$ cat my_file.pdb   # PDB, C-alpha atoms and all ligand atoms
ATOM      1  CA  MET B   1     -14.985  -5.608   4.022  1.00  0.00           C
ATOM      2  CA  SER B   2     -12.537  -4.441   1.412  1.00  0.00           C
ATOM      3  CA  VAL B   3      -9.303  -2.945   2.766  1.00  0.00           C
ATOM      4  CA  LEU B   4      -7.920  -3.706   6.209  1.00  0.00           C
ATOM      5  CA  PHE B   5      -5.191  -1.364   7.470  1.00  0.00           C
ATOM      6  CA  VAL B   6      -3.160  -2.829  10.336  1.00  0.00           C
ATOM      7  CA  ASN B   7      -1.216   0.007  11.893  1.00  0.00           C
ATOM      8  CA  ALA B   8       1.742  -1.099  14.035  1.00  0.00           C
ATOM      9  CA  CYS B   9       3.319   2.379  14.106  1.00  0.00           C
ATOM     10  CA  VAL B  10       4.108   3.414  17.620  1.00  0.00           C
ATOM     11  CA  ARG B  11       5.646   6.901  17.510  1.00  0.00           C
ATOM     12  CA  SER B  12       3.710  10.106  16.971  1.00  0.00           C
ATOM     13  CA  GLY B  13       5.092  11.573  13.761  1.00  0.00           C
ATOM     14  CA  SER B  14       5.858   8.070  12.478  1.00  0.00           C
ATOM     15  CA  ARG B  15       7.450   8.101   9.030  1.00  0.00           C
ATOM     16  CA  THR B  16       6.099   4.606   8.359  1.00  0.00           C
ATOM     17  CA  ASN B  17       2.590   5.844   9.048  1.00  0.00           C
ATOM     18  CA  ARG B  18       3.155   8.746   6.639  1.00  0.00           C
ATOM     19  CA  LEU B  19       4.015   6.262   3.846  1.00  0.00           C
ATOM     20  CA  ALA B  20       1.033   4.093   4.742  1.00  0.00           C
ATOM     21  CA  ARG B  21      -1.298   7.117   4.586  1.00  0.00           C
ATOM     22  CA  TYR B  22       0.177   7.998   1.206  1.00  0.00           C
ATOM     23  CA  PHE B  23      -0.536   4.466  -0.023  1.00  0.00           C
ATOM     24  CA  LEU B  24      -4.087   4.473   1.366  1.00  0.00           C
ATOM     25  CA  GLU B  25      -4.909   7.845  -0.226  1.00  0.00           C
ATOM     26  CA  ASN B  26      -4.704   6.046  -3.569  1.00  0.00           C
ATOM     27  CA  ILE B  27      -7.381   3.547  -2.579  1.00  0.00           C
ATOM     28  CA  SER B  28     -11.016   4.287  -3.327  1.00  0.00           C
ATOM     29  CA  GLU B  29     -12.551   1.436  -1.306  1.00  0.00           C
ATOM     30  CA  LYS B  30     -13.514   1.749   2.332  1.00  0.00           C
ATOM     31  CA  VAL B  31     -10.546   1.257   4.639  1.00  0.00           C
ATOM     32  CA  GLU B  32     -11.025  -0.315   8.049  1.00  0.00           C
ATOM     33  CA  THR B  33      -8.180   0.515  10.429  1.00  0.00           C
ATOM     34  CA  VAL B  34      -6.866  -1.519  13.327  1.00  0.00           C
ATOM     35  CA  ASN B  35      -4.496   0.608  15.404  1.00  0.00           C
ATOM     36  CA  LEU B  36      -2.481  -1.921  17.346  1.00  0.00           C
ATOM     37  CA  THR B  37      -1.487   0.613  20.012  1.00  0.00           C
ATOM     38  CA  GLU B  38      -5.187   1.001  20.849  1.00  0.00           C
ATOM     39  CA  GLU B  39      -6.053  -2.702  20.872  1.00  0.00           C
ATOM     40  CA  ASN B  40      -5.519  -4.845  23.906  1.00  0.00           C
ATOM     41  CA  ILE B  41      -4.244  -7.880  22.063  1.00  0.00           C
ATOM     42  CA  LEU B  42      -2.963 -10.406  24.550  1.00  0.00           C
ATOM     43  CA  PRO B  43      -0.361 -13.124  24.068  1.00  0.00           C
ATOM     44  CA  LEU B  44      -1.475 -16.738  23.984  1.00  0.00           C
ATOM     45  CA  ASP B  45      -0.566 -17.834  27.504  1.00  0.00           C
ATOM     46  CA  GLY B  46      -1.642 -21.228  28.862  1.00  0.00           C
ATOM     47  CA  ALA B  47      -5.163 -20.139  29.811  1.00  0.00           C
ATOM     48  CA  ARG B  48      -5.878 -18.368  26.525  1.00  0.00           C
ATOM     49  CA  LEU B  49      -4.483 -21.276  24.520  1.00  0.00           C
ATOM     50  CA  CYS B  50      -6.811 -23.693  26.365  1.00  0.00           C
ATOM     51  CA  GLU B  51      -9.760 -21.331  25.806  1.00  0.00           C
ATOM     52  CA  ARG B  52      -8.905 -21.042  22.115  1.00  0.00           C
ATOM     53  CA  ASP B  53      -8.540 -24.805  21.660  1.00  0.00           C
ATOM     54  CA  LEU B  54     -11.869 -25.423  23.388  1.00  0.00           C
ATOM     55  CA  LEU B  55     -13.689 -22.817  21.263  1.00  0.00           C
ATOM     56  CA  LEU B  56     -12.232 -24.262  18.072  1.00  0.00           C
ATOM     57  CA  LYS B  57     -13.143 -27.798  19.131  1.00  0.00           C
ATOM     58  CA  GLU B  58     -16.728 -26.629  19.600  1.00  0.00           C
ATOM     59  CA  GLY B  59     -16.648 -24.817  16.233  1.00  0.00           C
ATOM     60  CA  ARG B  60     -17.269 -21.443  17.883  1.00  0.00           C
ATOM     61  CA  THR B  61     -15.288 -19.346  15.411  1.00  0.00           C
ATOM     62  CA  ASP B  62     -17.757 -16.496  16.024  1.00  0.00           C
ATOM     63  CA  ALA B  63     -16.366 -16.033  19.575  1.00  0.00           C
ATOM     64  CA  PRO B  64     -14.932 -12.584  20.495  1.00  0.00           C
ATOM     65  CA  LEU B  65     -11.482 -14.167  20.825  1.00  0.00           C
ATOM     66  CA  PHE B  66     -11.421 -14.552  17.034  1.00  0.00           C
ATOM     67  CA  TYR B  67     -12.541 -11.006  16.197  1.00  0.00           C
ATOM     68  CA  HIS B  68      -9.256 -10.028  14.511  1.00  0.00           C
ATOM     69  CA  ALA B  69      -8.840 -13.378  12.730  1.00  0.00           C
ATOM     70  CA  ARG B  70     -12.323 -13.056  11.198  1.00  0.00           C
ATOM     71  CA  LYS B  71     -11.615  -9.509  10.006  1.00  0.00           C
ATOM     72  CA  PHE B  72      -8.255 -10.557   8.559  1.00  0.00           C
ATOM     73  CA  SER B  73      -9.760 -13.513   6.706  1.00  0.00           C
ATOM     74  CA  LYS B  74     -12.500 -11.383   5.102  1.00  0.00           C
ATOM     75  CA  ALA B  75     -10.449  -8.413   3.822  1.00  0.00           C
ATOM     76  CA  ASN B  76      -9.791  -8.184   0.100  1.00  0.00           C
ATOM     77  CA  THR B  77      -6.597  -6.206   0.566  1.00  0.00           C
ATOM     78  CA  ILE B  78      -4.473  -5.981   3.699  1.00  0.00           C
ATOM     79  CA  VAL B  79      -2.066  -3.128   4.342  1.00  0.00           C
ATOM     80  CA  ILE B  80       0.359  -3.454   7.252  1.00  0.00           C
ATOM     81  CA  ALA B  81       2.504  -0.540   8.418  1.00  0.00           C
ATOM     82  CA  ALA B  82       5.300  -1.352  10.839  1.00  0.00           C
ATOM     83  CA  PRO B  83       8.633   0.332  11.594  1.00  0.00           C
ATOM     84  CA  PHE B  84      11.788  -1.765  11.312  1.00  0.00           C
ATOM     85  CA  TRP B  85      12.614  -2.697  14.897  1.00  0.00           C
ATOM     86  CA  ASP B  86      15.435  -5.038  15.855  1.00  0.00           C
ATOM     87  CA  LEU B  87      15.636  -6.447  12.326  1.00  0.00           C
ATOM     88  CA  SER B  88      11.898  -7.109  12.125  1.00  0.00           C
ATOM     89  CA  PHE B  89       8.919  -5.235  13.599  1.00  0.00           C
ATOM     90  CA  PRO B  90       7.379  -4.239  16.958  1.00  0.00           C
ATOM     91  CA  SER B  91       6.172  -7.150  19.090  1.00  0.00           C
ATOM     92  CA  LEU B  92       2.681  -5.637  18.939  1.00  0.00           C
ATOM     93  CA  LEU B  93       2.507  -6.881  15.370  1.00  0.00           C
ATOM     94  CA  LYS B  94       3.688 -10.363  16.348  1.00  0.00           C
ATOM     95  CA  LEU B  95       0.891 -10.481  18.932  1.00  0.00           C
ATOM     96  CA  TYR B  96      -1.586  -9.501  16.242  1.00  0.00           C
ATOM     97  CA  LEU B  97      -0.293 -12.150  13.829  1.00  0.00           C
ATOM     98  CA  GLU B  98      -0.425 -14.766  16.580  1.00  0.00           C
ATOM     99  CA  ASN B  99      -4.053 -13.824  17.138  1.00  0.00           C
ATOM    100  CA  VAL B 100      -5.026 -13.962  13.465  1.00  0.00           C
ATOM    101  CA  SER B 101      -3.234 -17.234  12.737  1.00  0.00           C
ATOM    102  CA  VAL B 102      -6.176 -19.446  13.639  1.00  0.00           C
ATOM    103  CA  SER B 103      -6.741 -22.862  12.127  1.00  0.00           C
ATOM    104  CA  GLY B 104     -10.347 -22.875  10.943  1.00  0.00           C
ATOM    105  CA  ILE B 105     -10.493 -19.132  10.198  1.00  0.00           C
ATOM    106  CA  THR B 106      -7.433 -17.857   8.326  1.00  0.00           C
ATOM    107  CA  PHE B 107      -6.204 -21.314   7.279  1.00  0.00           C
ATOM    108  CA  ARG B 108      -7.021 -24.973   7.773  1.00  0.00           C
ATOM    109  CA  TYR B 109      -5.077 -28.196   7.609  1.00  0.00           C
ATOM    110  CA  GLU B 110      -5.569 -30.659   4.780  1.00  0.00           C
ATOM    111  CA  ASN B 111      -3.581 -33.902   5.029  1.00  0.00           C
ATOM    112  CA  GLY B 112      -1.321 -32.189   7.546  1.00  0.00           C
ATOM    113  CA  ARG B 113      -0.581 -29.248   5.285  1.00  0.00           C
ATOM    114  CA  PRO B 114      -1.878 -25.706   5.745  1.00  0.00           C
ATOM    115  CA  VAL B 115      -4.337 -24.372   3.183  1.00  0.00           C
ATOM    116  CA  GLY B 116      -5.108 -20.654   3.187  1.00  0.00           C
ATOM    117  CA  LEU B 117      -8.616 -19.417   3.928  1.00  0.00           C
ATOM    118  CA  CYS B 118      -8.001 -15.689   3.539  1.00  0.00           C
ATOM    119  CA  ARG B 119      -9.916 -13.799   0.898  1.00  0.00           C
ATOM    120  CA  ALA B 120      -7.193 -11.188   0.313  1.00  0.00           C
ATOM    121  CA  GLU B 121      -5.613 -11.126  -3.118  1.00  0.00           C
ATOM    122  CA  GLN B 122      -2.732  -9.018  -1.879  1.00  0.00           C
ATOM    123  CA  LEU B 123      -0.964  -7.852   1.225  1.00  0.00           C
ATOM    124  CA  VAL B 124       1.065  -4.658   1.206  1.00  0.00           C
ATOM    125  CA  TYR B 125       3.748  -4.152   3.850  1.00  0.00           C
ATOM    126  CA  ILE B 126       5.093  -0.681   4.542  1.00  0.00           C
ATOM    127  CA  THR B 127       8.142  -0.037   6.679  1.00  0.00           C
ATOM    128  CA  THR B 128      10.910   2.443   7.395  1.00  0.00           C
ATOM    129  CA  ALA B 129      14.334   1.819   8.932  1.00  0.00           C
ATOM    130  CA  GLY B 130      16.918   3.935  10.696  1.00  0.00           C
ATOM    131  CA  GLY B 131      19.783   2.245   8.880  1.00  0.00           C
ATOM    132  CA  PRO B 132      20.163  -0.156   5.973  1.00  0.00           C
ATOM    133  CA  MET B 133      17.958  -3.250   6.203  1.00  0.00           C
ATOM    134  CA  PHE B 134      20.689  -5.890   5.827  1.00  0.00           C
ATOM    135  CA  SER B 135      18.488  -8.707   7.110  1.00  0.00           C
ATOM    136  CA  ASP B 136      14.773  -8.137   6.973  1.00  0.00           C
ATOM    137  CA  PHE B 137      13.030 -10.666   9.152  1.00  0.00           C
ATOM    138  CA  GLY B 138       9.959  -8.412   9.033  1.00  0.00           C
ATOM    139  CA  PHE B 139       8.685  -8.510   5.488  1.00  0.00           C
ATOM    140  CA  SER B 140      10.244 -11.912   4.736  1.00  0.00           C
ATOM    141  CA  TYR B 141       8.331 -13.404   7.688  1.00  0.00           C
ATOM    142  CA  ILE B 142       5.051 -11.761   6.647  1.00  0.00           C
ATOM    143  CA  LYS B 143       5.552 -12.898   3.057  1.00  0.00           C
ATOM    144  CA  THR B 144       6.120 -16.498   4.191  1.00  0.00           C
ATOM    145  CA  LEU B 145       3.065 -16.417   6.460  1.00  0.00           C
ATOM    146  CA  CYS B 146       0.975 -15.175   3.523  1.00  0.00           C
ATOM    147  CA  ASN B 147       2.287 -17.838   1.152  1.00  0.00           C
ATOM    148  CA  VAL B 148       2.353 -20.820   3.480  1.00  0.00           C
ATOM    149  CA  LEU B 149      -0.487 -20.189   5.915  1.00  0.00           C
ATOM    150  CA  PHE B 150      -2.967 -17.586   4.749  1.00  0.00           C
ATOM    151  CA  GLY B 151      -3.040 -18.337   1.019  1.00  0.00           C
ATOM    152  CA  ILE B 152      -2.389 -14.697   0.083  1.00  0.00           C
ATOM    153  CA  LYS B 153      -0.423 -15.028  -3.110  1.00  0.00           C
ATOM    154  CA  LYS B 154       0.700 -11.471  -3.787  1.00  0.00           C
ATOM    155  CA  THR B 155       2.811  -9.558  -1.308  1.00  0.00           C
ATOM    156  CA  PHE B 156       4.436  -6.172  -1.843  1.00  0.00           C
ATOM    157  CA  CYS B 157       6.788  -4.130   0.278  1.00  0.00           C
ATOM    158  CA  PHE B 158       7.417  -0.396   0.254  1.00  0.00           C
ATOM    159  CA  LYS B 159      10.221   0.906   2.404  1.00  0.00           C
ATOM    160  CA  ALA B 160      12.471   3.832   3.188  1.00  0.00           C
ATOM    161  CA  GLU B 161      15.849   3.010   4.719  1.00  0.00           C
ATOM    162  CA  ASN B 162      18.686   4.987   6.343  1.00  0.00           C
ATOM    163  CA  LEU B 163      16.366   7.592   7.854  1.00  0.00           C
ATOM    164  CA  ASP B 164      18.345   7.915  11.100  1.00  0.00           C
ATOM    165  CA  ILE B 165      21.809   8.146   9.574  1.00  0.00           C
ATOM    166  CA  ASP B 166      23.587  11.464  10.316  1.00  0.00           C
ATOM    167  CA  GLY B 167      22.893  13.959   7.546  1.00  0.00           C
ATOM    168  CA  ALA B 168      20.153  11.843   5.951  1.00  0.00           C
ATOM    169  CA  ASP B 169      17.835  13.764   3.667  1.00  0.00           C
ATOM    170  CA  ILE B 170      14.755  12.239   5.243  1.00  0.00           C
ATOM    171  CA  GLU B 171      12.309  14.067   3.017  1.00  0.00           C
ATOM    172  CA  SER B 172      13.879  12.819  -0.219  1.00  0.00           C
ATOM    173  CA  LEU B 173      14.164   9.254   1.124  1.00  0.00           C
ATOM    174  CA  LEU B 174      10.459   9.310   1.955  1.00  0.00           C
ATOM    175  CA  LYS B 175       9.615  10.940  -1.369  1.00  0.00           C
ATOM    176  CA  ALA B 176      11.520   8.147  -3.186  1.00  0.00           C
ATOM    177  CA  ALA B 177       9.359   5.553  -1.394  1.00  0.00           C
ATOM    178  CA  GLU B 178       6.239   7.547  -2.338  1.00  0.00           C
ATOM    179  CA  GLU B 179       7.427   7.498  -5.928  1.00  0.00           C
ATOM    180  CA  GLU B 180       7.569   3.663  -5.714  1.00  0.00           C
ATOM    181  CA  ILE B 181       3.987   3.741  -4.490  1.00  0.00           C
ATOM    182  CA  ASN B 182       3.016   5.954  -7.440  1.00  0.00           C
ATOM    183  CA  HIS B 183       4.547   3.352  -9.794  1.00  0.00           C
ATOM    184  CA  PHE B 184       2.569   0.615  -8.083  1.00  0.00           C
ATOM    185  CA  PHE B 185      -0.719   2.374  -8.722  1.00  0.00           C
ATOM    186  CA  ALA B 186       0.276   3.358 -12.261  1.00  0.00           C
ATOM    187  CA  ARG B 187       0.859  -0.306 -13.281  1.00  0.00           C
TER     188      ARG B 187
HETATM  189  C1  LIG T   1      12.917  -0.102  19.409  1.00  0.00           C
HETATM  190  C2  LIG T   1      13.569   0.294  18.106  1.00  0.00           C
HETATM  191  C3  LIG T   1      14.322  -0.633  17.398  1.00  0.00           C
HETATM  192  C4  LIG T   1      14.928  -0.270  16.183  1.00  0.00           C
HETATM  193  N1  LIG T   1      15.662  -1.196  15.508  1.00  0.00           N
HETATM  194  C5  LIG T   1      16.257  -0.846  14.339  1.00  0.00           C
HETATM  195  C6  LIG T   1      17.020  -1.793  13.596  1.00  0.00           C
HETATM  196  O1  LIG T   1      17.180  -2.956  13.968  1.00  0.00           O
HETATM  197  N2  LIG T   1      17.593  -1.396  12.432  1.00  0.00           N
HETATM  198  C7  LIG T   1      17.432  -0.116  11.947  1.00  0.00           C
HETATM  199  O2  LIG T   1      17.941   0.178  10.870  1.00  0.00           O
HETATM  200  N3  LIG T   1      16.704   0.800  12.627  1.00  0.00           N
HETATM  201  C8  LIG T   1      16.112   0.470  13.810  1.00  0.00           C
HETATM  202  N4  LIG T   1      15.357   1.393  14.495  1.00  0.00           N
HETATM  203  C9  LIG T   1      15.112   2.726  13.890  1.00  0.00           C
HETATM  204  C10 LIG T   1      13.766   2.739  13.161  1.00  0.00           C
HETATM  205  O3  LIG T   1      13.689   1.680  12.228  1.00  0.00           O
HETATM  206  C11 LIG T   1      13.555   4.035  12.386  1.00  0.00           C
HETATM  207  O4  LIG T   1      13.703   5.159  13.204  1.00  0.00           O
HETATM  208  C12 LIG T   1      12.177   4.017  11.727  1.00  0.00           C
HETATM  209  O5  LIG T   1      12.110   4.986  10.718  1.00  0.00           O
HETATM  210  C13 LIG T   1      11.096   4.291  12.763  1.00  0.00           C
HETATM  211  O6  LIG T   1       9.871   4.366  12.098  1.00  0.00           O
HETATM  212  P1  LIG T   1       8.752   5.442  12.517  1.00  0.00           P
HETATM  213  O7  LIG T   1       9.255   6.804  12.146  1.00  0.00           O
HETATM  214  O8  LIG T   1       7.579   5.012  11.728  1.00  0.00           O
HETATM  215  O9  LIG T   1       8.547   5.289  13.996  1.00  0.00           O
HETATM  216  C14 LIG T   1      14.772   1.055  15.688  1.00  0.00           C
HETATM  217  C15 LIG T   1      14.003   1.984  16.422  1.00  0.00           C
HETATM  218  C16 LIG T   1      13.419   1.620  17.614  1.00  0.00           C
HETATM  219  C17 LIG T   1      12.600   2.637  18.388  1.00  0.00           C
END
$ encode --input "my_file.pdb" --output "structure tokens"
Amino acid sequence: MSVLFVNACVRSGSRTNRLARYFLENISEKVETVNLTEENILPLDGARLCERDLLLKEGRTDAPLFYHARKFSKANTIVIAAPFWDLSFPSLLKLYLENVSVSGITFRYENGRPVGLCRAEQLVYITTAGGPMFSDFGFSYIKTLCNVLFGIKKTFCFKAENLDIDGADIESLLKAAEEEINHFFAR
């Protein structure tokens, strides 16, 4: 697998999804999409945690429970699109990240410290916000996960802010973000 697109956009007509599509149009490799609104990703409650622990103990990383973790670990590039919700991102994305953060698949422990097992050289995070993003617990969290857990060294963020402010020129704000994307591919 080459490019994994994790789509956490919820609204039809999502501006975040528009930016993500713009980014992906520049990519020639095959893109595999995971639409989180169409996946039934469940939280790790007591029963699922026990099941997961048992499977890992038995080395059964090929179990269906680890489908998303396996995909995530094998992608060369990961693109995540998520709107800025409540200073971070929709809980759907947290559920996904909880499901892909699996010791033995996306990272492992060595002398008590996590070592990344993901193949991806880069992760690109795309977001849009209604107002200014004073505190971004979205991208900063993803970036830390990549660095500390997954071993993905390069992380990039493209964003458009202030889209819901009265009188905002939404089109030019989105175009400015697309221009940033153009610069990225022109490097
Ligand atoms: C549930 C929810 C929470 C939001 N929280 C914030 C927020 O904390 N800060 C902000 O600036 N905008 C917030 N917004 C506005 C969205 O970030 C903004 O409309 C964004 O562009 C939506 O992206 P989309 O067009 O891809 O759906 C929120 C919107 C929703 C629906």
$ residues_near_ligand --input "my_file.pdb" --ligand "ligand LIG 1 (chain T)" --cutoff "6 Å" --atoms "only C-alpha atoms and all ligand atoms" --output "PyMOL selection string"
chain B and resi 9+11+14-17+83-87+128-133+163-164
$ residues_near_point --input "my_file.pdb" --point "(-6.4, -0.1, 9.4)" --cutoff "6 Å" --atoms "only C-alpha atoms" --output "ChimeraX atom specification"
/B:4-7,32-34
$ residues_around --input "my_file.pdb" --residues "B:Gly104" --least-positions-apart "6" --cutoff "12 Å" --atoms "all atoms listed in the file" --output "compact mmCIF listing (two decimals) with C-alpha atoms, in the coordinates of the input"
# COMPACT_ATOMS: atom_id res chain seq x y z
CA ARG B 52 -8.90 -21.04 22.12
CA ASP B 53 -8.54 -24.80 21.66
CA LEU B 55 -13.69 -22.82 21.26
CA LEU B 56 -12.23 -24.26 18.07
CA LYS B 57 -13.14 -27.80 19.13
CA GLU B 58 -16.73 -26.63 19.60
CA GLY B 59 -16.65 -24.82 16.23
CA ARG B 60 -17.27 -21.44 17.88
CA THR B 61 -15.29 -19.35 15.41
CA ASP B 62 -17.76 -16.50 16.02
CA PHE B 66 -11.42 -14.55 17.03
CA ALA B 69 -8.84 -13.38 12.73
CA ARG B 70 -12.32 -13.06 11.20
CA SER B 73 -9.76 -13.51 6.71
CA GLU B 110 -5.57 -30.66 4.78
CA PRO B 114 -1.88 -25.71 5.74
CA VAL B 115 -4.34 -24.37 3.18
CA GLY B 116 -5.11 -20.65 3.19
CA LEU B 117 -8.62 -19.42 3.93
CA CYS B 118 -8.00 -15.69 3.54
CA LEU B 149 -0.49 -20.19 5.92
CA PHE B 150 -2.97 -17.59 4.75
$ closest_residue --input "my_file.pdb" --among "B:Lys175, B:Ala168, B:Phe137, B:Lys94" --to "B:Leu42" --atoms "all atoms listed in the file"
B:Lys94
$ closest_residue --input "my_file.pdb" --among "B:Tyr96, B:Tyr109, B:Leu19, B:Glu121" --to "B:Ala177" --atoms "only C-alpha atoms"
B:Leu19
$ residues_around --input "my_file.pdb" --residues "B:Glu179" --least-positions-apart "2" --cutoff "12 Å" --atoms "all atoms listed in the file" --output "ChimeraX atom specification"
/B:19,22-23,158-160,172-177,181-186
$ closest_residue --input "my_file.pdb" --among "B:Cys157, B:Leu145, B:Ile165, B:Val79" --to "B:Glu178" --atoms "all atoms listed in the file"
B:Cys157
$ atom_distance --input "my_file.pdb" --atom1 "atom CA of B:Phe89" --atom2 "atom CA of B:Ser135"
12.1 Å
$ closest_residue --input "my_file.pdb" --among "B:Val3, B:Ile41, B:Leu92, B:Leu65" --to "B:Gln122" --atoms "only C-alpha atoms"
B:Val3
$ atom_distance --input "my_file.pdb" --atom1 "atom CA of B:Thr144" --atom2 "atom CA of B:Gly46"
26.3 Å
$ axis_aligned_box --input "my_file.pdb" --around "stretch 43-62 of chain B" --padding-each-side "3 Å" --output "JSON"
{"center_x": -9.1, "center_y": -20.5, "center_z": 22.6, "size_x": 23.4, "size_y": 20.7, "size_z": 20.4}
$ closest_residue --input "my_file.pdb" --among "B:Tyr67, B:Phe139, B:Phe134, B:Tyr125" --to "B:Asn99" --atoms "all atoms listed in the file"
B:Tyr67
$ atom_distance --input "my_file.pdb" --atom1 "atom CA of B:Gly167" --atom2 "atom CA of B:Ala81"
25.0 Å
$ closest_residue --input "my_file.pdb" --among "B:Arg18, B:Ser88, B:Ala8, B:Leu54" --to "B:Glu171" --atoms "all atoms listed in the file"
B:Arg18
$ resolve_selection --input "my_file.pdb" --expression "the PyMOL selection byres (((chain B and resi 143) around 9) and not hetatm)" --output "PyMOL selection string"
chain B and resi 123+125+138-142+144-148+152-156
$ resolve_selection --input "my_file.pdb" --expression "the PyMOL selection byres (((chain B and resi 75) around 7) and not hetatm)" --output "ChimeraX atom specification"
/B:1-4,71-74,76-78,119-120
$ decode --input "my_file.pdb" --residues "stretch 89-103 of chain B" --atoms "N, CA and C atoms" --output "mmCIF file, in the first residue's frame"
data_model
loop_
_atom_site.group_PDB
_atom_site.id
_atom_site.type_symbol
_atom_site.label_atom_id
_atom_site.label_comp_id
_atom_site.auth_asym_id
_atom_site.auth_seq_id
_atom_site.Cartn_x
_atom_site.Cartn_y
_atom_site.Cartn_z
ATOM 1 N N PHE B 89 -10.343 17.443 17.323
ATOM 2 C CA PHE B 89 -10.952 16.813 16.144
ATOM 3 C C PHE B 89 -12.124 15.940 16.596
ATOM 4 N N PRO B 90 -12.958 15.477 15.652
ATOM 5 C CA PRO B 90 -14.093 14.630 16.022
ATOM 6 C C PRO B 90 -13.641 13.352 16.752
ATOM 7 N N SER B 91 -14.458 12.900 17.681
ATOM 8 C CA SER B 91 -14.108 11.711 18.462
ATOM 9 C C SER B 91 -13.958 10.474 17.572
ATOM 10 N N LEU B 92 -14.588 10.490 16.417
ATOM 11 C CA LEU B 92 -14.403 9.382 15.465
ATOM 12 C C LEU B 92 -12.925 9.138 15.187
ATOM 13 N N LEU B 93 -12.180 10.223 15.084
ATOM 14 C CA LEU B 93 -10.748 10.098 14.795
ATOM 15 C C LEU B 93 -10.001 9.554 16.010
ATOM 16 N N LYS B 94 -10.433 9.951 17.199
ATOM 17 C CA LYS B 94 -9.778 9.417 18.410
ATOM 18 C C LYS B 94 -9.991 7.904 18.489
ATOM 19 N N LEU B 95 -11.230 7.484 18.133
ATOM 20 C CA LEU B 95 -11.516 6.038 18.139
ATOM 21 C C LEU B 95 -10.601 5.312 17.155
ATOM 22 N N TYR B 96 -10.424 5.918 16.002
ATOM 23 C CA TYR B 96 -9.540 5.315 14.992
ATOM 24 C C TYR B 96 -8.117 5.210 15.535
ATOM 25 N N LEU B 97 -7.625 6.301 16.110
ATOM 26 C CA LEU B 97 -6.240 6.310 16.615
ATOM 27 C C LEU B 97 -6.071 5.300 17.752
ATOM 28 N N GLU B 98 -7.102 5.175 18.573
ATOM 29 C CA GLU B 98 -7.056 4.182 19.654
ATOM 30 C C GLU B 98 -6.934 2.776 19.068
ATOM 31 N N ASN B 99 -7.631 2.571 17.950
ATOM 32 C CA ASN B 99 -7.606 1.256 17.309
ATOM 33 C C ASN B 99 -6.325 0.964 16.550
ATOM 34 N N VAL B 100 -5.630 2.020 16.088
ATOM 35 C CA VAL B 100 -4.380 1.752 15.358
ATOM 36 C C VAL B 100 -3.150 1.769 16.275
ATOM 37 N N SER B 101 -3.329 2.273 17.485
ATOM 38 C CA SER B 101 -2.189 2.306 18.414
ATOM 39 C C SER B 101 -2.067 0.948 19.102
ATOM 40 N N VAL B 102 -1.442 0.016 18.411
ATOM 41 C CA VAL B 102 -1.367 -1.359 18.918
ATOM 42 C C VAL B 102 0.093 -1.777 19.052
ATOM 43 N N SER B 103 0.474 -2.090 20.283
ATOM 44 C CA SER B 103 1.831 -2.564 20.528
ATOM 45 C C SER B 103 2.023 -3.901 19.817
#
